[in-house]
Amino acid sequence: MSRTNQSSVSEFLLLGLSRQPQQQHLLFMLFLSMYLATVLGNLLILAVSTDSRLHTPIYFFLSNLSFVDVCFSSTTVPKMLANHILGTQTISFSSCLMQMCFLCMFSDMNNFLLAVMAYDRFVTVCHPFHYAAKMTHQLCALLVTGSRVVTNLNALLHTLLMARLSFCADNTIPHIFCDVTPLLKLSCSDTHLNEVMILTETAVVMITPFLCILASYMHIACAFLRVLSMKGRWKAFSTCGSHLAVVLLFCGTIISLYFSPSSSHSAQRDIAAAVMFTVVTAMMNPFIYSLRNKDIKGALVKVIAVKFFSVQ
C-alpha cells in the first residue's frame with residue numbers, strides 16, 4: 001500500500017473484555033480485586049525480604065520475582081481500570097509502544113526468574129553439600145543481571161521493529177492491552193521480519209528457560225523417588241507440583257499466544273490467555289512460592305509485631 005493511502009494513527013482503541021455495561025462493572029471489580037491482591041501480596045514479600053534470616057539465594061530470587069510481578073501487572077491493569085472509570089478506550093501510539101515494551105520485558109524476566117529459581121531448587125535437592133559453593137552471591141547477582149540484560153534487549157528489539165511499521169486508518173485493537181500480535185494485524189507494512197523474530201529470537205528467549213525448568217524438576221522428581229518415604233514424596237510432590245503448575249500456566253499461555261498458527265487465534269481466546277499470564281499468575285506467585293513458606297511466615301509475623309509494638 002502506498003504512503004498516500006495511509007492515514008497517520010496517533011492513538012488506538014482498546015476494546016477490552018466486554019461491551020455490556022453490567023459485565024463491565026463486574027469485570028472492573030474482579031480485576032481491581034485481583035490487582036490489589038497481587039500488589040499487596042508481592043509488597044509483603046518485598047517487605048519481609050529485608051529480614052536477615054532471609055538473605056539467602058532463594059529469597060533473593062523471590063524478592064526479584066515479587067518486584068517483577070508488581071511491575072508486570074501494573075503495566076496493563078491500571079490502564080484498563082482507568083479507561084473504565086474515565087469511560088474511554090483510547091491509548092496513544094507512544095503509550096501503546098511503551099506498554100508493549102514493558103509487557104515483553106517483564107514477561108521475559110518472569111520466565112527467566114522462574115528458571116533460575118528452579119535451578120536453585122535443583123542444586124538444593126540434588127547437590128545439597130555443594131550448595132554454598134555453587135550458589136554464591138556473585139553467581140546469583142550474575143544470573144539476575146544477565147536475565148535483565150537479555151530481557152531488556154529483547155523488549156527493545158521488538159519495540160524498535162514495531163515502531164518502524166506503518167498503520168492504516170483501522171486503529172481498533174480487540175484486546176485489553178497493546179500486544180505484539182494484534183498490533184501486527186493492524187499494520188499496513190510488511191511484518192515478515194517481526195514474525196520471523198518472534199518465531200526465532202523470542203522462541204529462544206522464552207522456550208530455553210522453560211526447558212531448564214522442566215529439566216530441573218525432572219531431576220528433583222528423580223531424587224525424591226530415590227530417597228524419600230511415601231509420605232515425604234507426597235509432601236515434596238505437592239510443593240513442587242504447585243510450582244510447576246504455575247510455570248505451565250504461565251509458559252503454556254504464552255506459547256499458545258505467540259507460537260501457534262494465526263488461523264487458530266480468536267479475540268476472546270487471546271484475551272483469556274493474556275489475562276491468565278499477566279494477571280492470574282502474578283497474583284498466584286506470592287502464595288505459591290512465598291506465603292506457604294515457614295521462613296516467610298516467621299519473618300512476616302516479626303514485621304507485623306515490630307510495627308504493632310512501635311505504634312503502641
# chains A, B, ... in the order shown; residues from 1 in each chain; ligands from 1
$ residues_around --residues "A:Pro57" --least-positions-apart "3" --cutoff "12 Å" --atoms "only C-alpha atoms" --output "PyMOL selection string"
chain A and resi 49+53-54+60-64+113+116-121+123-124+131-144
$ residues_around --residues "stretch 276-292 of chain A" --least-positions-apart "3" --cutoff "9 Å" --atoms "only C-alpha atoms" --output "MDAnalysis selection string"
chainID A and resid 31 34:39 41:42 44:45 59 62 65:66 68:70 72:73 76:77 103 107 239 242:243 246:247 249:254 271:273 295:297 300
$ select_by_dssp --residues "stretch 56-303 of chain A" --states "helix (DSSP H, G or I)" --output "PyMOL selection string"
chain A and resi 57-86+93-126+128-134+137-163+180-186+192-227+230-258+262-264+267-290+294-303
$ select_by_dssp --residues "stretch 34-272 of chain A" --states "strand (DSSP E)" --output "PDB file with all heavy atoms, in the first residue's frame"
ATOM      1  N   THR A  90      -9.214   4.772  24.612  1.00  0.00           N
ATOM      2  CA  THR A  90      -8.069   5.189  23.812  1.00  0.00           C
ATOM      3  C   THR A  90      -6.752   5.024  24.561  1.00  0.00           C
ATOM      4  O   THR A  90      -6.698   5.096  25.779  1.00  0.00           O
ATOM      5  CB  THR A  90      -8.213   6.668  23.402  1.00  0.00           C
ATOM      6  OG1 THR A  90      -8.254   7.481  24.577  1.00  0.00           O
ATOM      7  CG2 THR A  90      -9.477   6.880  22.587  1.00  0.00           C
ATOM      8  N   ILE A  91      -5.709   4.830  23.779  1.00  0.00           N
ATOM      9  CA  ILE A  91      -4.336   4.840  24.268  1.00  0.00           C
ATOM     10  C   ILE A  91      -3.472   5.410  23.151  1.00  0.00           C
ATOM     11  O   ILE A  91      -3.637   5.062  21.977  1.00  0.00           O
ATOM     12  CB  ILE A  91      -3.856   3.420  24.671  1.00  0.00           C
ATOM     13  CG1 ILE A  91      -2.429   3.490  25.243  1.00  0.00           C
ATOM     14  CG2 ILE A  91      -3.949   2.438  23.518  1.00  0.00           C
ATOM     15  CD1 ILE A  91      -1.969   2.178  25.868  1.00  0.00           C
ATOM     16  N   SER A  92      -2.603   6.345  23.477  1.00  0.00           N
ATOM     17  CA  SER A  92      -1.784   6.998  22.451  1.00  0.00           C
ATOM     18  C   SER A  92      -0.805   6.005  21.836  1.00  0.00           C
ATOM     19  O   SER A  92      -0.488   4.958  22.424  1.00  0.00           O
ATOM     20  CB  SER A  92      -1.019   8.176  23.053  1.00  0.00           C
ATOM     21  OG  SER A  92      -0.056   7.708  23.995  1.00  0.00           O
ATOM     22  N   THR A 172      -8.441  -0.070  15.793  1.00  0.00           N
ATOM     23  CA  THR A 172      -9.167  -0.797  16.840  1.00  0.00           C
ATOM     24  C   THR A 172      -8.433  -2.082  17.192  1.00  0.00           C
ATOM     25  O   THR A 172      -8.180  -2.932  16.331  1.00  0.00           O
ATOM     26  CB  THR A 172     -10.595  -1.134  16.369  1.00  0.00           C
ATOM     27  OG1 THR A 172     -11.270   0.070  16.023  1.00  0.00           O
ATOM     28  CG2 THR A 172     -11.358  -1.848  17.471  1.00  0.00           C
ATOM     29  N   ILE A 173      -8.080  -2.213  18.474  1.00  0.00           N
ATOM     30  CA  ILE A 173      -7.389  -3.408  18.965  1.00  0.00           C
ATOM     31  C   ILE A 173      -8.368  -4.220  19.806  1.00  0.00           C
ATOM     32  O   ILE A 173      -8.778  -3.774  20.883  1.00  0.00           O
ATOM     33  CB  ILE A 173      -6.162  -3.031  19.826  1.00  0.00           C
ATOM     34  CG1 ILE A 173      -5.190  -2.173  19.015  1.00  0.00           C
ATOM     35  CG2 ILE A 173      -5.464  -4.280  20.343  1.00  0.00           C
ATOM     36  CD1 ILE A 173      -3.996  -1.690  19.817  1.00  0.00           C
TER      37      ILE A 173
END
$ atom_distance --atom1 "atom CA of A:Leu13" --atom2 "atom CA of A:Pro174"
8.2 Å
$ atom_distance --atom1 "atom CA of A:Asn110" --atom2 "atom CA of A:Ala245"
14.9 Å
$ closest_residue --among "A:Ser33, A:Asn171, A:Thr151, A:Thr200" --to "A:Cys188" --atoms "only C-alpha atoms"
A:Asn171
$ atom_distance --atom1 "atom CA of A:Pro128" --atom2 "atom CA of A:Met109"
26.8 Å
$ residues_around --residues "A:His158" --least-positions-apart "6" --cutoff "9 Å" --atoms "only C-alpha atoms" --output "NGL selection string"
:A and (100-101 or 104 or 180 or 194 or 197-198)
$ write_last_selection --atoms "N, CA and C atoms" --output "compact mmCIF listing (two decimals), in the first residue's frame"
# COMPACT_ATOMS: atom_id res chain seq x y z
N MET A 100 3.68 -2.17 25.36
CA MET A 100 4.14 -3.40 24.72
C MET A 100 5.57 -3.73 25.12
N CYS A 101 6.41 -2.71 25.21
CA CYS A 101 7.82 -2.89 25.58
C CYS A 101 7.94 -3.44 27.00
N CYS A 104 6.61 -7.06 27.32
CA CYS A 104 7.58 -8.01 26.81
C CYS A 104 8.74 -8.19 27.80
N VAL A 180 1.94 -7.52 20.84
CA VAL A 180 2.61 -7.64 19.54
C VAL A 180 1.67 -8.15 18.46
N ASN A 194 9.19 -8.97 11.64
CA ASN A 194 8.67 -9.07 13.01
C ASN A 194 8.26 -10.50 13.34
N MET A 197 11.28 -12.79 13.76
CA MET A 197 11.95 -12.58 15.04
C MET A 197 11.16 -13.21 16.20
N ILE A 198 9.83 -13.19 16.12
CA ILE A 198 9.02 -13.82 17.15
C ILE A 198 9.25 -15.33 17.16
$ residues_around --residues "A:Ala163" --least-positions-apart "5" --cutoff "12 Å" --atoms "only C-alpha atoms" --output "list in words"
Val9, Phe93, Ser94, Ser95, Cys96, Leu97, Met98, Met100, Cys101, Leu156, Leu157, His158, Val180, Leu183, Leu184, Ser187, Ser189, Thr191 and Asn194 of chain A
$ closest_residue --among "A:Ala223, A:Cys71, A:Leu40, A:Met105" --to "A:Asn152" --atoms "only C-alpha atoms"
A:Met105
$ closest_residue --among "A:Thr202, A:Ser74, A:Ser166, A:Thr56" --to "A:Asp190" --atoms "only C-alpha atoms"
A:Ser166
$ closest_residue --among "A:Val275, A:Leu161, A:Ala169, A:Cys212" --to "A:His192" --atoms "only C-alpha atoms"
A:Leu161
